[in-house]
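Let me begin by presenting the structure, written as structure tokens, before commenting on it.
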Amino acid sequence: MKRIIFLLAMVALISMQVYSQIYMDLQDNIQIPSNSWVIINPGNYTIPDQGNDGLIQINDKENIIIEGDGVAADGTNYGGYVFKINNSNNIEIRDFDLIKKYFYAVYITNSDHISIHGNNFSYNRVDSAGWISIWTNYQQALGGGVMMYSTQFGQLYDNEMKYQNDGVALYECDSIIIHDNDLSWNTSFGIRMYFTDLCDIQDNNCSHVNRPYTDPSDCAAILMLVSNNNYVVHNDFTYSGDGIFLGQFQYSQIPNNNYFAYNECSYSPHNAIEATFADGNVYIGNICNYSHYGFWLGYSFNSIVDSNEVIGNQESGIAIDRGYKNHIRNNVISENPTGIRLWQEGTGIPPYQNQDSRDYLIESNVIGGNTVAISAKNTEHLVVLNNAFVNNRNGIVLLESSVEDTITDNVFQNPSMYHIENQSPDDIYAIMNNFVINDQGLIECKILDKYDNPAYGEVIWQPSLPGNDPVFQEVPPSDMAEPPAVWYAYPEACWGYGLHEPTLKKWDYADKVVGIASVHITTGNGWDIGAMYRPAGDSIPVWDLDESDTLVFWLKSVNNTGYGFQYCSVILGNNCGGYFKYTGSATVILNPTIGQWKKISMPLAGVSPWYRTAYGNISFDEIAFVEIHADTWEYGFELWIDGVTFTGITTGKPEKAACRSEMRIFPNPANDIVYIQPGEGETIGSVEICHVSGQCILTHQTSHDYQTGERMSINIAHLKSGVYILEVSGTGFDRSFRLLKR
């Protein structure tokens, strides 16, 4: 409805009566009368605005069209304006080829019903260095394409406004439509909004808005200060200091109620989306990947964060300091150091010292592959409901105080450390969760609470939903760096800003030492990346390494920092939070791998050049994972891993035959195709794919029984992201597997 009203408001401009048509050359101090259609004669004009009062001046006028097809104007000194408009209405500016080297191409005050389209207003006032002050009014505007102050019912579309400070700047305006413009590669803001409401901003390119010589946190693709009830949809905000930067400091009593949907905000050296001290904003379907933070919502409240993609950020996926009544739902949050981080500490920012972190609902998210899934510090009344926690290094970590927190109806699958880590003195209610396996001892082992440390509160986790009997991998593969194994690259927090490449891992079938492939990890973070092996499918490693003496693996790296790697370690851990940490000299171990493959032999006894430290209860008869760490202190690197094996392992230990199946489901997580490969003596007859709720949505009946050495492929591209159950039936067995659809 709002957009229809806007468009109807423009009808008066489009259909207005024009009384005269005038052809003229561009010159200084042109006064345009009302009811005019002015066509500027084509040509290249070099005209500075000597009086800073506009080459074309429109004061107290109405019903004017100014057309500039074939016109290029050069202001030479980055001062003044081509158009200066005040207290006027029904003004249309269109089709100018290029206006450059002015302060602003168009400067408008106290006007309404302005239409600007089809123009190129680029290369105007630009600054590449220096801090930007964002809390300044229109009298301190920075220069660029179009500036509007106290203007209503405007429309800007199909314009190009690049390579300057601002693309479009709106101060104390309302009801402006901005769509289908190219506002990229500016150095302050693509769109700057200050106390500006009821705007419709769609389908613009505001990418690559950055200052190359300063901290990028002071510029943004779109800046919205105390700007409310705006509609921001389907814009490209990538590679900008912030994608979206919204601030309401000391105006938090004014509800924002902005709607941000389906914007691409990734690759920000600062935050993909930042909203501070803000009330009632809605974020739906945005892409917030590979930035410093995906969402930074400090001191924000009543926010809805729904169905966004938040992957591979350097610090946290979603971070909120002293926020409250925020609802985080239906998002895919993966491969971040912390998926969701909530906290309250210190005295707070005046005048918000008494604002607490509280009243969160986190529901129906897929949170996978993060170093920590959720961290909540001094956060009260946290409700974590119906989420899928899959292959995180740690699940939910609760710190210092956790009053009236509940964790229910979630799926917890394959954390390498803990499902829930309660480091708070308060009890946590975590009943009716699905831990995937039906093994009370193993579940209890992955919950840290008062039974592990009397200073902590209890995690009350029973009753839980029944799971499957665990499938154990009792002997590590002869080479863990081979498909269909699953490797995760768990990043620690990264400090500093910069356009880092994301952390990616893949199989490299060309550059390898043994087998068919190596694991190839590429990271722009550089801060302690831990590469961890996991078996394919749902099996749980429980390796007896008492007879083993050495971990052997091959490494190759690319490191262009100029000073090499700074840190390396290897962690061998169990299923109960205990681990051995082996620390070695990066100079001795990692730097010789730069540009070449090197075989690494790490004695499990922890002798030089490796030094072993034990944490928690740990022994070699219960090892569950191996994790290889490398660190360059922020700068990115590449690392190849191959031939990962333990020497001296015996296989005489009896297997848990009733629990074992060699069937493989890979890749898992999967995007488009998932493969099912039967093990020795197994065949596949049919496969059903069901929601974790139990509703089956796809049945795949095979035309023949797949046997050992064959693999079945199932197309899952049409399924929504989430956790599904694969019910596999074959000769003499029925098996259930968990599948994460990205």
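Residues are referred to by chain and number: the chain letter is A, B, ... according to the order shown in the structure tokens, the number counts from 1 in that chain, and ligands are numbered separately from 1 in the order shown.
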**Report entry** Residue contacts of range 123-133 of chain A (7 Å, only C-alpha atoms) excluding same-chain residues fewer than 4 positions away, as a ChimeraX atom specification
**Finding:** /A:78,100-104,143-145,162-165,187,211-214,218
Requested in this report: Write out as a count of residues only the residues lying within 9 Å of Ile665 in chain A, counting only C-alpha atoms and excluding same-chain residues fewer than 3 positions away.
Outcome: 12
Requested in this report: Can you pull out every residue within 6 Å of Asn90 in chain A, counting only C-alpha atoms, but drop anything in the same chain fewer than 2 positions away, and send it as an NGL selection string?
Outcome: :A and (13 or 62-63 or 113-114)
Could you take the residues named above and write them with C-alpha atoms, as a PDB file, in the first residue's frame?
ATOM      1  CA  LEU A  13       4.595  15.195 -11.816  1.00  0.00           C
ATOM      2  CA  GLU A  62       6.760  24.317 -10.000  1.00  0.00           C
ATOM      3  CA  ASN A  63       6.157  22.077 -13.009  1.00  0.00           C
ATOM      4  CA  HIS A 113       7.578  15.774  -5.884  1.00  0.00           C
ATOM      5  CA  ILE A 114      11.077  15.622  -7.367  1.00  0.00           C
TER       6      ILE A 114
END
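Going from CA of Gln473 in chain A over to CA of Arg534 in chain A, you cover 10.2 Å.
For the residues A:Cys568, A:Ile340, A:Ala481, A:Val383, ranking by smallest atom-to-atom distance to Val588 in chain A using only C-alpha atoms places A:Cys568 first.
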Report task. State, in Å with one decimal place, the distance from CA of Phe666 in chain A to CA of Tyr724 in chain A. Result -> 13.7 Å
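Going from CA of Val233 in chain A over to CA of Trp135 in chain A, you cover 24.8 Å.
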Report task. Fewer than 6 positions away in the same chain doesn't count, so skip those; otherwise give me all residues within 7 Å of Ile600 in chain A, counting only C-alpha atoms, as JSON, numbers by chain. Result -> {"A": [552, 553, 554]}
Okay, now the selection with N, CA and C atoms, as an mmCIF file, in the first residue's frame?
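Once everything was written out, this is out_10.cif:
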data_model
loop_
_atom_site.group_PDB
_atom_site.id
_atom_site.type_symbol
_atom_site.label_atom_id
_atom_site.label_comp_id
_atom_site.auth_asym_id
_atom_site.auth_seq_id
_atom_site.Cartn_x
_atom_site.Cartn_y
_atom_site.Cartn_z
ATOM 1 N N VAL A 552 50.734 -39.340 11.874
ATOM 2 C CA VAL A 552 51.478 -38.966 10.675
ATOM 3 C C VAL A 552 50.539 -38.245 9.726
ATOM 4 N N PHE A 553 50.989 -37.132 9.164
ATOM 5 C CA PHE A 553 50.196 -36.435 8.154
ATOM 6 C C PHE A 553 51.126 -35.602 7.283
ATOM 7 N N TRP A 554 50.618 -35.273 6.105
ATOM 8 C CA TRP A 554 51.352 -34.435 5.158
ATOM 9 C C TRP A 554 50.709 -33.052 5.120
#
For range 224-338 of chain A against range 500-520 of chain A, with a cut-off of 12 Å and counting only C-alpha atoms, what is the closest atom pair and its distance in Å to one decimal for every residue that makes the cut, ordered by chain and number, as a tab-separated table?
residue	atom	partner	partner_atom	distance
A:Tyr239	CA	A:His500	CA	10.3
A:Ser266	CA	A:Pro502	CA	10.3
A:Tyr267	CA	A:His500	CA	7.8
A:Ser268	CA	A:His500	CA	8.9
A:Pro269	CA	A:His500	CA	7.2
A:His270	CA	A:His500	CA	10.5
A:Asn289	CA	A:Pro502	CA	8.5
A:Tyr290	CA	A:Pro502	CA	5.3
A:Ser291	CA	A:His500	CA	7.9
A:His292	CA	A:His500	CA	8.7
A:Ile311	CA	A:Pro502	CA	9.1
A:Gly312	CA	A:Pro502	CA	6.1
A:Asn313	CA	A:Pro502	CA	7.4
A:Gln314	CA	A:Pro502	CA	8.2
A:Glu315	CA	A:Pro502	CA	11.8
A:Ser334	CA	A:Thr503	CA	11.4
A:Glu335	CA	A:Thr503	CA	8.3
A:Asn336	CA	A:Thr503	CA	9.4
A:Pro337	CA	A:Thr503	CA	11.0
Env of Val82 in chain A: 10 Å cut, atoms = only C-alpha atoms, seq-sep filter 4 positions within chain, self excluded. Answer as a tab-separated table (two decimals) with C-alpha atoms, in the first residue's frame.
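Written file, selection.tsv:
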chain	number	residue	atom	x	y	z
A	26	LEU	CA	24.47	25.27	-20.04
A	27	GLN	CA	25.83	28.33	-18.26
A	28	ASP	CA	26.05	29.80	-14.78
A	29	ASN	CA	23.11	31.39	-12.96
A	30	ILE	CA	20.27	30.12	-15.16
A	47	ILE	CA	31.78	25.45	-16.00
A	48	PRO	CA	32.55	25.91	-12.31
A	49	ASP	CA	29.79	27.20	-10.05
A	52	ASN	CA	28.11	28.01	-5.07
A	53	ASP	CA	24.49	28.88	-5.85
A	54	GLY	CA	23.91	26.48	-8.75
A	55	LEU	CA	24.37	26.74	-12.48
A	56	ILE	CA	20.65	26.06	-12.79
A	57	GLN	CA	18.61	27.73	-10.05
A	73	ALA	CA	29.47	19.11	-17.38
A	74	ASP	CA	32.80	19.49	-15.55
A	75	GLY	CA	32.93	21.74	-12.46
A	99	ILE	CA	28.01	15.72	-14.28
A	100	LYS	CA	31.36	15.60	-12.43
A	102	TYR	CA	31.02	19.57	-8.35
A	103	PHE	CA	30.25	19.39	-4.65
A	104	TYR	CA	26.87	17.85	-5.43
A	105	ALA	CA	25.38	17.49	-8.87
A	106	VAL	CA	21.93	18.26	-7.40
A	107	TYR	CA	21.20	20.12	-4.14
Query - Test item, strand (DSSP E or B) assignment across range 109-281 of chain A, answer as a PyMOL selection string - result: chain A and resi 109+112-117+120+144-149+152-157+160+166-171+174-179+182+189-194+197+200-202+205+220-225+231-233+236+242-247+259-261+264+271-276+279
**Report entry** Nearest to Ser478 in chain A by atom-to-atom distance, counting only C-alpha atoms, from A:Leu572, A:Val542, A:Leu719, A:Val644
**Finding:**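 Nearest to Ser478 in chain A: A:Val644.
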**Report entry** Secondary structure check, alpha helix (DSSP H) residues of range 557-684 of chain A, as a PyMOL selection string
**Finding:** chain A and resi 586-589
Residue subset to file, keeping N, CA and C atoms, as a PDB file, in the first residue's frame:
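Contents of the output file part.pdb:
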ATOM      1  N   ALA A 586      55.983 -23.240  15.032  1.00  0.00           N
ATOM      2  CA  ALA A 586      55.547 -22.981  13.662  1.00  0.00           C
ATOM      3  C   ALA A 586      56.737 -22.848  12.730  1.00  0.00           C
ATOM      4  N   THR A 587      57.838 -22.312  13.235  1.00  0.00           N
ATOM      5  CA  THR A 587      59.041 -22.160  12.410  1.00  0.00           C
ATOM      6  C   THR A 587      59.577 -23.512  11.977  1.00  0.00           C
ATOM      7  N   VAL A 588      59.554 -24.472  12.893  1.00  0.00           N
ATOM      8  CA  VAL A 588      60.106 -25.791  12.595  1.00  0.00           C
ATOM      9  C   VAL A 588      59.124 -26.651  11.814  1.00  0.00           C
ATOM     10  N   ILE A 589      57.828 -26.550  12.138  1.00  0.00           N
ATOM     11  CA  ILE A 589      56.850 -27.501  11.599  1.00  0.00           C
ATOM     12  C   ILE A 589      56.108 -26.942  10.394  1.00  0.00           C
TER      13      ILE A 589
END
Query raised in the report: Of the candidates A:Asn120, A:Gln355, A:Ser416, A:Asn302, which shows the shortest atom-to-atom distance to Ala373 in chain A, using only C-alpha atoms?
Result: A:Ser416
Requested in this report: Kindly indicate which residue among A:Ile65, A:Met712, A:Ala388, A:Met417 lies nearest to Asn434 in chain A, using only C-alpha atoms for the distances.
Outcome: A:Ala388
Query raised in the report: With only C-alpha atoms as the basis for distance, which of A:Gly526, A:Val570, A:Leu223, A:Gly467 is at the shortest distance from Ile725 in chain A?
Result: A:Gly467
Report task. Name all residues at most 12 Å from Asn468 in chain A (count only C-alpha atoms; drop same-chain ones fewer than 2 positions away) and give them as a ChimeraX atom specification. Result -> /A:413,434-440,465-466,470-472,538-539,659-660,725,727,734-738
Dump N, CA and C atoms for the selected residues as a PDB file, in the first residue's frame?
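out-v2.pdb, written as the output of this step:
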ATOM      1  N   GLN A 413      23.481 -32.596  17.345  1.00  0.00           N
ATOM      2  CA  GLN A 413      24.146 -33.681  16.629  1.00  0.00           C
ATOM      3  C   GLN A 413      25.641 -33.395  16.490  1.00  0.00           C
ATOM      4  N   ASN A 434      16.448 -33.641  21.332  1.00  0.00           N
ATOM      5  CA  ASN A 434      16.840 -34.842  20.601  1.00  0.00           C
ATOM      6  C   ASN A 434      18.356 -34.809  20.435  1.00  0.00           C
ATOM      7  N   PHE A 435      19.041 -35.731  21.110  1.00  0.00           N
ATOM      8  CA  PHE A 435      20.488 -35.801  21.020  1.00  0.00           C
ATOM      9  C   PHE A 435      20.940 -36.819  19.980  1.00  0.00           C
ATOM     10  N   VAL A 436      20.037 -37.241  19.143  1.00  0.00           N
ATOM     11  CA  VAL A 436      20.272 -38.103  17.977  1.00  0.00           C
ATOM     12  C   VAL A 436      20.595 -39.539  18.394  1.00  0.00           C
ATOM     13  N   ILE A 437      21.414 -39.704  19.413  1.00  0.00           N
ATOM     14  CA  ILE A 437      21.782 -41.050  19.835  1.00  0.00           C
ATOM     15  C   ILE A 437      21.005 -41.446  21.089  1.00  0.00           C
ATOM     16  N   ASN A 438      20.876 -42.726  21.302  1.00  0.00           N
ATOM     17  CA  ASN A 438      20.210 -43.274  22.483  1.00  0.00           C
ATOM     18  C   ASN A 438      21.283 -43.880  23.394  1.00  0.00           C
ATOM     19  N   ASP A 439      22.030 -43.004  24.046  1.00  0.00           N
ATOM     20  CA  ASP A 439      23.114 -43.449  24.922  1.00  0.00           C
ATOM     21  C   ASP A 439      23.244 -42.419  26.029  1.00  0.00           C
ATOM     22  N   GLN A 440      22.617 -42.699  27.190  1.00  0.00           N
ATOM     23  CA  GLN A 440      22.545 -41.720  28.266  1.00  0.00           C
ATOM     24  C   GLN A 440      23.929 -41.308  28.746  1.00  0.00           C
ATOM     25  N   LEU A 465      14.186 -36.722  23.926  1.00  0.00           N
ATOM     26  CA  LEU A 465      13.532 -37.520  22.894  1.00  0.00           C
ATOM     27  C   LEU A 465      14.406 -38.722  22.551  1.00  0.00           C
ATOM     28  N   PRO A 466      13.812 -39.850  22.273  1.00  0.00           N
ATOM     29  CA  PRO A 466      14.626 -41.043  21.991  1.00  0.00           C
ATOM     30  C   PRO A 466      15.399 -40.887  20.690  1.00  0.00           C
ATOM     31  N   PRO A 470      23.849 -45.654  19.061  1.00  0.00           N
ATOM     32  CA  PRO A 470      25.017 -45.038  18.414  1.00  0.00           C
ATOM     33  C   PRO A 470      25.746 -46.017  17.511  1.00  0.00           C
ATOM     34  N   VAL A 471      26.283 -45.479  16.434  1.00  0.00           N
ATOM     35  CA  VAL A 471      27.134 -46.237  15.524  1.00  0.00           C
ATOM     36  C   VAL A 471      28.561 -45.759  15.764  1.00  0.00           C
ATOM     37  N   PHE A 472      29.436 -46.654  16.191  1.00  0.00           N
ATOM     38  CA  PHE A 472      30.777 -46.261  16.591  1.00  0.00           C
ATOM     39  C   PHE A 472      31.786 -46.556  15.486  1.00  0.00           C
ATOM     40  N   ASP A 538      26.643 -40.699  10.462  1.00  0.00           N
ATOM     41  CA  ASP A 538      26.383 -40.376  11.856  1.00  0.00           C
ATOM     42  C   ASP A 538      27.270 -41.146  12.827  1.00  0.00           C
ATOM     43  N   SER A 539      28.286 -41.827  12.358  1.00  0.00           N
ATOM     44  CA  SER A 539      29.085 -42.640  13.273  1.00  0.00           C
ATOM     45  C   SER A 539      29.910 -41.765  14.199  1.00  0.00           C
ATOM     46  N   CYS A 659      25.611 -52.453  16.499  1.00  0.00           N
ATOM     47  CA  CYS A 659      25.434 -51.024  16.252  1.00  0.00           C
ATOM     48  C   CYS A 659      26.053 -50.577  14.944  1.00  0.00           C
ATOM     49  N   ARG A 660      26.821 -51.436  14.298  1.00  0.00           N
ATOM     50  CA  ARG A 660      27.649 -50.943  13.212  1.00  0.00           C
ATOM     51  C   ARG A 660      26.954 -51.065  11.860  1.00  0.00           C
ATOM     52  N   ILE A 725      15.454 -36.520   8.211  1.00  0.00           N
ATOM     53  CA  ILE A 725      15.746 -37.910   8.538  1.00  0.00           C
ATOM     54  C   ILE A 725      15.659 -38.739   7.259  1.00  0.00           C
ATOM     55  N   GLU A 727      15.249 -42.365   6.040  1.00  0.00           N
ATOM     56  CA  GLU A 727      14.878 -43.725   6.436  1.00  0.00           C
ATOM     57  C   GLU A 727      15.263 -44.662   5.291  1.00  0.00           C
ATOM     58  N   ASP A 734      16.686 -51.821   8.564  1.00  0.00           N
ATOM     59  CA  ASP A 734      16.123 -50.485   8.391  1.00  0.00           C
ATOM     60  C   ASP A 734      16.998 -49.533   9.192  1.00  0.00           C
ATOM     61  N   ARG A 735      17.490 -48.468   8.555  1.00  0.00           N
ATOM     62  CA  ARG A 735      18.403 -47.542   9.213  1.00  0.00           C
ATOM     63  C   ARG A 735      17.882 -46.115   9.072  1.00  0.00           C
ATOM     64  N   SER A 736      18.167 -45.283  10.072  1.00  0.00           N
ATOM     65  CA  SER A 736      17.827 -43.863  10.034  1.00  0.00           C
ATOM     66  C   SER A 736      19.107 -43.043  10.109  1.00  0.00           C
ATOM     67  N   PHE A 737      19.193 -42.033   9.270  1.00  0.00           N
ATOM     68  CA  PHE A 737      20.346 -41.138   9.257  1.00  0.00           C
ATOM     69  C   PHE A 737      19.849 -39.698   9.290  1.00  0.00           C
ATOM     70  N   ARG A 738      20.616 -38.818   9.940  1.00  0.00           N
ATOM     71  CA  ARG A 738      20.321 -37.390   9.922  1.00  0.00           C
ATOM     72  C   ARG A 738      21.017 -36.752   8.716  1.00  0.00           C
TER      73      ARG A 738
END
Query raised in the report: If you count only C-alpha atoms, which residues fall within 7 Å of Ser175 in chain A, apart from same-chain ones fewer than 3 positions away, as a list in words?
Result: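 Near Ser175 in chain A, the qualifying residues are Phe6, Gln152, Phe153, Gly154, Asp197, Leu198 and Cys199 of chain A.
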